[in-house]
>>> print(open('work_26.cif').read())   # mmCIF, C-alpha atoms
data_run
#
loop_
_atom_site.label_atom_id
_atom_site.label_comp_id
_atom_site.auth_asym_id
_atom_site.auth_seq_id
_atom_site.Cartn_x
_atom_site.Cartn_y
_atom_site.Cartn_z
CA MET A 1143 23.30 13.53 8.44
CA VAL A 1144 22.45 11.45 5.36
CA SER A 1145 21.52 12.86 1.94
CA ILE A 1146 18.02 11.89 0.90
CA SER A 1147 15.76 11.60 -2.15
CA ILE A 1148 12.08 11.83 -1.23
CA LEU A 1149 10.05 9.94 -3.84
CA ILE A 1150 6.28 10.27 -4.24
CA PRO A 1151 4.20 8.55 -6.94
CA VAL A 1152 0.85 10.27 -7.50
CA PHE A 1153 -2.37 9.43 -9.29
CA ASN A 1154 -5.44 11.68 -9.16
CA TRP A 1155 -4.48 13.33 -5.87
CA ASP A 1156 -3.42 16.84 -4.84
CA CYS A 1157 -0.14 16.24 -3.01
CA THR A 1158 1.06 19.86 -2.91
CA ARG A 1159 0.42 20.22 0.84
CA LEU A 1160 2.45 17.09 1.54
CA VAL A 1161 5.36 18.33 -0.59
CA TYR A 1162 5.25 21.84 0.93
CA ASP A 1163 5.45 20.40 4.45
CA LEU A 1164 8.27 18.02 3.54
CA GLN A 1165 10.23 20.73 1.74
CA LYS A 1166 9.88 23.04 4.74
CA GLN A 1167 11.26 20.38 7.09
CA ALA A 1168 14.04 19.32 4.73
CA SER A 1169 15.26 22.89 4.24
CA THR A 1170 15.96 23.20 7.98
CA LEU A 1171 18.09 20.04 8.16
CA GLN A 1172 21.83 19.90 7.61
CA CYS A 1173 21.61 17.55 4.64
CA GLN A 1174 21.25 17.49 0.89
CA TYR A 1175 17.80 16.55 -0.35
CA GLU A 1176 15.51 16.38 -3.34
CA ILE A 1177 11.78 15.72 -3.68
CA ILE A 1178 10.60 14.00 -6.85
CA VAL A 1179 6.90 13.55 -7.61
CA ALA A 1180 5.94 11.37 -10.57
CA ASP A 1181 2.39 11.51 -11.92
CA ASP A 1182 1.28 8.12 -13.28
CA CYS A 1183 -0.84 9.63 -16.07
CA SER A 1184 -3.63 10.95 -13.85
CA THR A 1185 -7.03 11.07 -15.51
CA ASP A 1186 -7.95 14.21 -13.54
CA LYS A 1187 -6.15 16.88 -15.57
CA GLU A 1188 -7.04 19.63 -13.10
CA LEU A 1189 -5.26 17.82 -10.25
CA ARG A 1190 -2.32 17.15 -12.54
CA HIS A 1191 -2.08 20.86 -13.30
CA VAL A 1192 -2.20 21.68 -9.56
CA ASN A 1193 0.66 19.29 -8.85
CA GLU A 1194 2.80 20.85 -11.58
CA LYS A 1195 3.40 23.76 -9.19
CA ILE A 1196 5.66 21.45 -7.17
CA SER A 1197 8.47 22.13 -9.66
CA GLU A 1198 8.51 25.76 -8.53
CA LEU A 1199 9.83 24.76 -5.09
CA ASP A 1200 13.54 24.54 -4.34
CA CYS A 1201 15.00 21.05 -4.84
CA CYS A 1202 11.67 19.69 -6.12
CA ARG A 1203 10.77 18.05 -9.42
CA PHE A 1204 7.46 17.03 -10.96
CA ILE A 1205 7.55 14.32 -13.65
CA PRO A 1206 4.34 13.73 -15.65
CA LEU A 1207 4.02 10.39 -17.42
CA GLU A 1208 2.14 10.03 -20.68
CA ARG A 1209 0.96 6.49 -19.93
CA ASN A 1210 0.07 4.66 -16.74
CA ILE A 1211 2.85 2.24 -15.79
CA GLY A 1212 1.54 0.97 -12.45
CA ARG A 1213 2.42 1.09 -8.76
CA SER A 1214 5.59 -1.01 -8.91
CA ALA A 1215 7.09 0.42 -12.09
CA ILE A 1216 6.64 4.04 -11.04
CA ARG A 1217 8.44 3.44 -7.75
CA ASN A 1218 11.29 1.79 -9.62
CA MET A 1219 11.40 4.70 -12.06
CA LEU A 1220 11.58 7.20 -9.20
CA ALA A 1221 14.53 5.30 -7.72
CA ASP A 1222 16.25 5.45 -11.12
CA LYS A 1223 15.81 9.23 -11.17
CA ALA A 1224 17.06 9.74 -7.60
CA ILE A 1225 20.59 11.05 -7.07
CA PHE A 1226 21.13 10.57 -3.32
CA PRO A 1227 22.13 7.41 -1.41
CA TRP A 1228 18.97 7.23 0.72
CA LEU A 1229 15.43 6.92 -0.67
CA LEU A 1230 12.30 7.88 1.26
CA PHE A 1231 9.22 6.47 -0.47
CA LEU A 1232 5.89 8.04 0.49
CA ASP A 1233 2.37 7.57 -0.81
CA CYS A 1234 0.77 10.72 -2.12
CA ASP A 1235 -2.46 10.58 -0.05
CA ALA A 1236 -0.67 11.34 3.20
CA GLN A 1237 -0.40 14.20 5.67
CA VAL A 1238 2.65 15.03 7.77
CA ALA A 1239 1.77 14.58 11.43
CA SER A 1240 5.02 15.61 13.14
CA ALA A 1241 7.30 18.63 12.90
CA THR A 1242 10.26 16.22 13.24
CA PHE A 1243 9.07 13.65 10.70
CA LEU A 1244 12.14 13.82 8.45
CA LYS A 1245 14.58 14.34 11.32
CA ASP A 1246 13.29 11.20 13.08
CA TYR A 1247 13.67 9.16 9.91
CA LEU A 1248 17.22 10.34 9.28
CA GLU A 1249 18.29 9.66 12.86
CA ALA A 1250 16.86 6.14 12.65
CA ALA A 1251 18.83 5.54 9.45
CA GLU A 1252 21.99 5.54 11.54
CA ASN A 1253 20.85 2.21 13.02
CA SER A 1254 19.35 0.34 10.06
CA PRO A 1255 19.52 0.28 6.24
CA LEU A 1256 15.71 0.20 6.07
CA VAL A 1257 13.30 2.07 8.32
CA CYS A 1258 9.48 1.91 8.31
CA GLY A 1259 7.69 4.79 10.00
CA GLY A 1260 4.13 3.48 9.85
CA LEU A 1261 0.81 5.19 9.27
CA ARG A 1262 -2.37 6.06 11.11
CA HIS A 1263 -5.82 7.39 10.35
CA PRO A 1264 -8.12 10.14 11.65
CA GLU A 1265 -9.75 9.28 14.98
CA THR A 1266 -13.26 9.94 13.67
CA LEU A 1267 -14.99 8.90 10.46
CA PRO A 1268 -14.03 11.62 7.95
CA ARG A 1269 -17.26 11.34 5.94
CA PRO A 1270 -20.18 8.95 5.38
CA GLY A 1271 -19.71 6.21 2.81
CA VAL A 1272 -16.15 5.15 3.73
CA GLU A 1273 -17.04 3.00 6.74
CA LEU A 1274 -15.52 -0.25 5.46
CA ARG A 1275 -12.04 1.12 4.77
CA TYR A 1276 -12.14 3.31 7.88
CA ARG A 1277 -13.08 0.48 10.26
CA TYR A 1278 -10.55 -1.84 8.66
CA GLU A 1279 -7.73 0.70 8.94
CA ARG A 1280 -8.58 1.91 12.45
CA ARG A 1281 -8.54 -1.66 13.73
CA ALA A 1282 -5.11 -2.11 12.16
CA ASP A 1283 -3.94 1.20 13.68
CA LEU A 1284 -4.78 -0.05 17.16
CA LEU A 1285 -3.75 -3.70 16.95
CA GLU A 1286 -1.12 -4.04 14.21
CA ARG A 1287 0.64 -0.72 13.61
CA PRO A 1288 2.43 0.27 16.84
CA ALA A 1289 6.16 -0.07 16.14
CA CYS A 1290 6.62 -2.76 18.80
CA VAL A 1291 4.00 -4.94 17.09
CA ARG A 1292 5.44 -4.38 13.62
CA GLN A 1293 8.96 -5.12 14.85
CA SER A 1294 7.82 -8.54 16.10
CA GLN A 1295 7.20 -9.45 12.43
CA PRO A 1296 9.42 -6.94 10.62
CA TYR A 1297 9.09 -8.38 7.11
CA ALA A 1298 5.42 -9.35 7.19
CA ARG A 1299 4.56 -5.87 8.49
CA PHE A 1300 6.46 -4.01 5.78
CA THR A 1301 4.38 -1.43 3.91
CA PRO A 1302 5.45 0.84 1.04
CA PHE A 1303 3.25 3.68 2.34
CA SER A 1304 6.25 5.24 4.08
CA PHE A 1305 9.75 3.76 4.28
CA LEU A 1306 13.38 4.86 4.10
CA ILE A 1307 15.92 2.60 2.44
CA ARG A 1308 19.51 2.73 1.25
CA ARG A 1309 19.49 3.19 -2.51
CA ASP A 1310 21.94 0.38 -3.21
CA ILE A 1311 19.75 -2.09 -1.33
CA PHE A 1312 16.59 -0.96 -3.09
CA MET A 1313 18.24 -1.20 -6.50
CA SER A 1314 19.27 -4.78 -5.76
CA ILE A 1315 15.63 -5.76 -5.06
CA ARG A 1316 13.21 -3.28 -6.69
CA PHE A 1317 9.46 -3.77 -6.81
CA CYS A 1318 8.35 -6.63 -9.03
CA GLU A 1319 6.78 -5.10 -12.14
CA GLN A 1320 4.98 -8.36 -12.82
CA PHE A 1321 2.56 -7.04 -10.20
CA ASN A 1322 1.10 -4.41 -12.52
CA ARG A 1323 -2.32 -4.41 -10.87
CA TYR A 1324 -3.31 -3.40 -7.36
CA GLY A 1325 -2.06 -5.43 -4.41
CA TYR A 1326 0.65 -7.65 -2.93
CA GLU A 1327 3.73 -5.95 -4.38
CA ASP A 1328 4.52 -5.00 -0.75
CA VAL A 1329 4.23 -8.63 0.41
CA LEU A 1330 6.69 -9.80 -2.23
CA PHE A 1331 9.11 -6.96 -1.42
CA GLY A 1332 8.98 -7.91 2.28
CA LYS A 1333 9.64 -11.53 1.34
CA GLU A 1334 12.70 -10.49 -0.66
CA LEU A 1335 13.98 -8.48 2.30
CA GLN A 1336 13.60 -11.53 4.52
CA ASP A 1337 15.25 -13.88 2.03
CA ARG A 1338 18.26 -11.54 1.87
CA GLN A 1339 18.27 -11.04 5.66
CA ILE A 1340 18.23 -7.25 5.34
CA PRO A 1341 17.56 -5.64 8.74
CA VAL A 1342 14.31 -3.71 9.02
CA LEU A 1343 13.71 -1.19 11.80
CA HIS A 1344 10.13 -0.15 12.61
CA ILE A 1345 9.62 3.15 14.41
CA ASP A 1346 6.61 5.19 15.48
CA ASN A 1347 6.88 8.01 12.94
CA PRO A 1348 3.55 7.80 11.12
CA LEU A 1349 2.00 9.80 8.35
CA ILE A 1350 -1.76 10.28 8.41
CA HIS A 1351 -3.46 8.38 5.60
CA LEU A 1352 -6.18 10.52 4.01
CA GLY A 1353 -7.13 8.47 0.95
CA LEU A 1354 -10.11 6.49 2.22
CA GLU A 1355 -12.19 5.12 -0.66
CA GLU A 1356 -15.94 4.71 -0.79
CA ASN A 1357 -17.16 1.30 0.42
CA GLN A 1358 -17.80 -0.15 -3.04
CA VAL A 1359 -14.51 1.20 -4.41
CA PHE A 1360 -12.55 -0.32 -1.53
CA LEU A 1361 -14.32 -3.66 -1.98
CA ASP A 1362 -13.50 -3.57 -5.70
CA LYS A 1363 -9.83 -2.81 -4.94
CA THR A 1364 -9.74 -5.63 -2.41
CA GLN A 1365 -11.08 -8.03 -5.03
CA GLU A 1366 -8.51 -6.77 -7.53
CA SER A 1367 -5.75 -7.44 -5.01
CA LEU A 1368 -7.08 -10.98 -4.52
CA ARG A 1369 -7.01 -11.55 -8.27
CA THR A 1370 -3.39 -10.34 -8.21
CA LEU A 1371 -2.68 -12.83 -5.43
CA ALA A 1372 -4.35 -15.67 -7.35
CA GLU A 1373 -2.25 -14.93 -10.43
CA ASN A 1374 0.98 -14.80 -8.43
CA ARG A 1375 0.52 -17.56 -5.87
CA GLN A 1376 3.87 -19.17 -6.63
CA SER A 1377 5.77 -15.91 -6.07
CA VAL A 1378 3.99 -14.87 -2.87
CA ASN A 1379 3.73 -18.38 -1.41
CA ASN A 1380 3.60 -18.45 2.41
CA ALA A 1381 4.12 -14.69 2.77
CA SER A 1382 0.34 -14.21 2.56
CA LYS A 1383 -1.77 -15.18 5.59
CA LEU A 1384 -4.85 -15.57 3.41
CA LEU A 1385 -3.00 -17.85 1.01
CA ARG A 1386 -1.79 -19.99 3.91
CA SER A 1387 -5.38 -20.34 5.13
CA TYR A 1388 -6.63 -21.25 1.67
CA ASN A 1389 -3.87 -23.84 1.17
CA ARG A 1390 -4.68 -25.41 4.52
CA LEU A 1391 -8.37 -25.70 3.66
CA THR A 1392 -7.45 -27.14 0.27
CA THR A 1393 -5.36 -29.80 1.99
CA TRP A 1394 -8.42 -30.64 4.07
CA HIS A 1395 -10.52 -30.88 0.87
CA MET A 1396 -12.82 -28.07 2.02
CA ASN A 1397 -12.99 -26.22 -1.34
CA TRP A 1398 -16.53 -27.43 -1.96
CA LEU A 1399 -17.67 -25.78 1.28
CA LEU A 1400 -16.08 -22.46 0.34
CA HIS A 1401 -17.76 -22.59 -3.07
CA LEU A 1402 -21.13 -23.39 -1.46
CA ALA A 1403 -20.75 -20.56 1.07
CA TYR A 1404 -19.83 -18.04 -1.62
CA GLY A 1405 -22.81 -18.99 -3.78
CA THR A 1406 -25.18 -18.89 -0.81
CA PHE A 1407 -23.96 -15.87 1.13
CA GLY A 1408 -21.73 -13.86 -1.23
CA ALA A 1409 -24.37 -11.31 -2.28
CA VAL A 1410 -25.62 -10.90 1.30
CA ILE A 1411 -22.11 -10.25 2.59
CA ARG A 1412 -21.43 -7.72 -0.17
CA ARG A 1413 -24.56 -5.78 0.83
CA ASN A 1414 -23.30 -5.63 4.40
CA LEU A 1415 -19.80 -4.53 3.38
CA THR A 1416 -21.07 -1.70 1.19
CA GLY A 1417 -23.54 -0.49 3.81
CA SER A 1418 -23.12 1.92 6.71
CA ARG A 1419 -22.32 -0.77 9.33
CA PRO A 1420 -19.91 -3.22 7.69
CA SER A 1421 -18.65 -6.20 9.69
CA LEU A 1422 -14.89 -6.78 9.67
CA ARG A 1423 -15.43 -10.46 10.44
CA LEU A 1424 -17.59 -10.77 7.34
CA PHE A 1425 -14.95 -8.86 5.40
CA SER A 1426 -12.27 -11.42 6.37
CA LEU A 1427 -14.60 -14.28 5.47
CA TYR A 1428 -15.55 -12.70 2.14
CA LYS A 1429 -11.91 -12.31 1.10
CA LEU A 1430 -11.32 -16.03 1.68
CA LEU A 1431 -14.51 -17.04 -0.16
CA TYR A 1432 -13.81 -14.72 -3.09
CA PHE A 1433 -10.23 -15.93 -3.37
CA ALA A 1434 -11.37 -19.56 -3.33
CA GLU A 1435 -13.91 -18.83 -6.06
CA ILE A 1436 -11.24 -17.28 -8.29
CA CYS A 1437 -8.89 -20.21 -7.75
CA ARG A 1438 -11.69 -22.63 -8.55
CA ASN A 1439 -12.42 -20.97 -11.89
CA PRO A 1440 -10.23 -18.00 -12.94
CA TYR A 1441 -12.56 -17.27 -15.87
CA LEU A 1442 -15.19 -16.15 -13.37
CA CYS A 1443 -13.20 -13.03 -12.44
CA GLY A 1444 -14.99 -10.79 -14.90
CA LYS A 1445 -18.43 -12.20 -14.15
CA ILE A 1446 -17.95 -11.84 -10.38
CA GLN A 1447 -16.97 -8.22 -10.90
CA GLU A 1448 -20.28 -7.60 -12.69
CA LEU A 1449 -22.40 -8.86 -9.79
CA HIS A 1450 -22.16 -5.68 -7.72
#
>>> encode(input="work_26.cif", output="structure tokens")
Amino acid sequence: MVSISILIPVFNWDCTRLVYDLQKQASTLQCQYEIIVADDCSTDKELRHVNEKISELDCCRFIPLERNIGRSAIRNMLADKAIFPWLLFLDCDAQVASATFLKDYLEAAENSPLVCGGLRHPETLPRPGVELRYRYERRADLLERPACVRQSQPYARFTPFSFLIRRDIFMSIRFCEQFNRYGYEDVLFGKELQDRQIPVLHIDNPLIHLGLEENQVFLDKTQESLRTLAENRQSVNNASKLLRSYNRLTTWHMNWLLHLAYGTFGAVIRRNLTGSRPSLRLFSLYKLLYFAEICRNPYLCGKIQELH
């Protein structure tokens, strides 16, 4: 059985239940383990204080940061702190769904240097106001996240939400800290895996994702990720489906049509997406239109943000 470092970055989230469940499973396995939680300078001091209790558990550490360093840098820092040869990265807003979650991961590690377990979401809307993220994620759960589907495109379907990787491989790649805002660090990591021909095994061993944002918050985060993509087009290149679509339309000299559609329908689409019955087709269209608008004039980023 392999020795494992379980690494969890946290920001404004109570992850004590997640750590308790993981620690309980790990303590029953015949392996060495550690659980390290790093707080990326949470603004909610009460939640930060709650998470400090993690250090009271056997083989667990809680590391509070005094400044926010971002999603990529904190994962890299956690890997630097880890002492065991296998790293299990987990997002903090997750719930363990299986009593054999860790066991299944460790058994899969015997067949691949990188294993992705996947994620899923509650079967019913957890609360009003999160319809956009919920519908988007549930559609992905059904159509894109079964292991057989992910394995058909192992690098494109990589997600950092939950994955196990040999430490030496991770340290040779690391997350790109140039991506210091939300979005697309996973796409670039998957591209690096593909370029280096590192085998990726996808299995059905999901965590339940609990962190569903309000509609407007999720739309804002989506727009932030598109600004990240626009700033890093050369790095991401063809690894992004949206970028491939945009480049194709640019080749066909259709930018003017995208600009016209955004100016005409952008506000109407935003009202739909932040309402109680958001359309996923409109969501896909809006991402393309918004991205095209940024690429047309990057200085509009701030002004577009103010239109909500």
>>> residues_around(input="work_26.cif", residues="segment 1397-1409 of chain A", least_positions_apart="6", cutoff="8 Å", atoms="all atoms listed in the file", output="list of chain:residue names")
A:Leu1391, A:Tyr1428, A:Leu1431, A:Tyr1432, A:Ala1434, A:Glu1435
>>> closest_residue(input="work_26.cif", among="A:Ala1168, A:Met1313, A:Ile1150, A:Cys1202", to="Leu1232 of chain A", atoms="all atoms listed in the file")
A:Ile1150
>>> atom_distance(input="work_26.cif", atom1="atom CA of Val1272 of chain A", atom2="atom CA of Asn1357 of chain A")
5.2 Å
>>> residues_near_point(input="work_26.cif", point="(11.5, 21.9, -4.1)", cutoff="10 Å", atoms="all atoms listed in the file", output="VMD selection string")
chain A and resid 1161 to 1162 1164 to 1166 1168 to 1169 1175 to 1178 1195 to 1204
>>> resolve_selection(input="work_26.cif", expression="the PyMOL selection byres ((chain A and resi 1152) around 9)", output="PyMOL selection string")
chain A and resi 1150-1151+1153-1157+1179-1184+1233-1235
>>> resolve_selection(input="work_26.cif", expression="the PyMOL selection byres ((chain A and resi 1259) around 10)", output="list in words")
Phe1243, Asp1246, Tyr1247, Ala1250, Val1257, Cys1258, Gly1260, Leu1261, Arg1287, Pro1288, Ala1289, Phe1300, Thr1301, Phe1303, Ser1304, Phe1305, Leu1306, Leu1343, His1344, Ile1345, Asp1346, Asn1347, Pro1348 and Leu1349 of chain A
>>> atom_distance(input="work_26.cif", atom1="atom CA of Leu1149 of chain A", atom2="atom CA of Leu1229 of chain A")
6.9 Å
>>> axis_aligned_box(input="work_26.cif", around="segment 1245-1250 of chain A", padding_each_side="8 Å", output="JSON")
{"center_x": 15.8, "center_y": 10.2, "center_z": 11.2, "size_x": 21.0, "size_y": 24.2, "size_z": 19.8}
>>> closest_residue(input="work_26.cif", among="A:Val1378, A:Leu1171, A:Leu1248, A:Leu1220", to="Ile1205 of chain A", atoms="all atoms listed in the file")
A:Leu1220
>>> closest_residue(input="work_26.cif", among="A:Ser1147, A:Ser1240, A:Thr1392, A:Asn1414", to="Ala1224 of chain A", atoms="all atoms listed in the file")
A:Ser1147
>>> closest_residue(input="work_26.cif", among="A:Gln1293, A:Thr1185, A:Gln1237, A:Ser1426", to="Asp1163 of chain A", atoms="all atoms listed in the file")
A:Gln1237
>>> closest_residue(input="work_26.cif", among="A:Leu1189, A:Arg1309, A:Thr1393, A:Glu1252", to="Ala1221 of chain A", atoms="all atoms listed in the file")
A:Arg1309
>>> residues_around(input="work_26.cif", residues="Arg1308 of chain A", least_positions_apart="3", cutoff="9 Å", atoms="only C-alpha atoms", output="JSON, numbers by chain")
{"A": [1227, 1228, 1229, 1230, 1251, 1255, 1256, 1311, 1312, 1313]}
>>> atom_distance(input="work_26.cif", atom1="atom CA of Ile1350 of chain A", atom2="atom CA of His1263 of chain A")
5.3 Å
>>> closest_residue(input="work_26.cif", among="A:Ile1307, A:Ala1282, A:Leu1384, A:Met1219", to="Ser1367 of chain A", atoms="all atoms listed in the file")
A:Leu1384
>>> decode(input="work_26.cif", residues="segment 1367-1379 of chain A", atoms="C-alpha atoms", output="PDB file, in the first residue's frame")
ATOM      1  CA  SER A1367     -12.134  32.533 -16.085  1.00  0.00           C
ATOM      2  CA  LEU A1368     -12.724  33.830 -19.622  1.00  0.00           C
ATOM      3  CA  ARG A1369     -10.552  36.856 -18.908  1.00  0.00           C
ATOM      4  CA  THR A1370      -7.876  34.422 -17.684  1.00  0.00           C
ATOM      5  CA  LEU A1371      -8.239  32.498 -20.938  1.00  0.00           C
ATOM      6  CA  ALA A1372      -7.981  35.674 -23.014  1.00  0.00           C
ATOM      7  CA  GLU A1373      -4.777  36.685 -21.230  1.00  0.00           C
ATOM      8  CA  ASN A1374      -3.222  33.238 -21.684  1.00  0.00           C
ATOM      9  CA  ARG A1375      -4.374  32.225 -25.156  1.00  0.00           C
ATOM     10  CA  GLN A1376      -0.883  31.316 -26.315  1.00  0.00           C
ATOM     11  CA  SER A1377      -0.321  28.942 -23.380  1.00  0.00           C
ATOM     12  CA  VAL A1378      -3.704  27.210 -23.526  1.00  0.00           C
ATOM     13  CA  ASN A1379      -3.948  27.132 -27.330  1.00  0.00           C
TER      14      ASN A1379
END
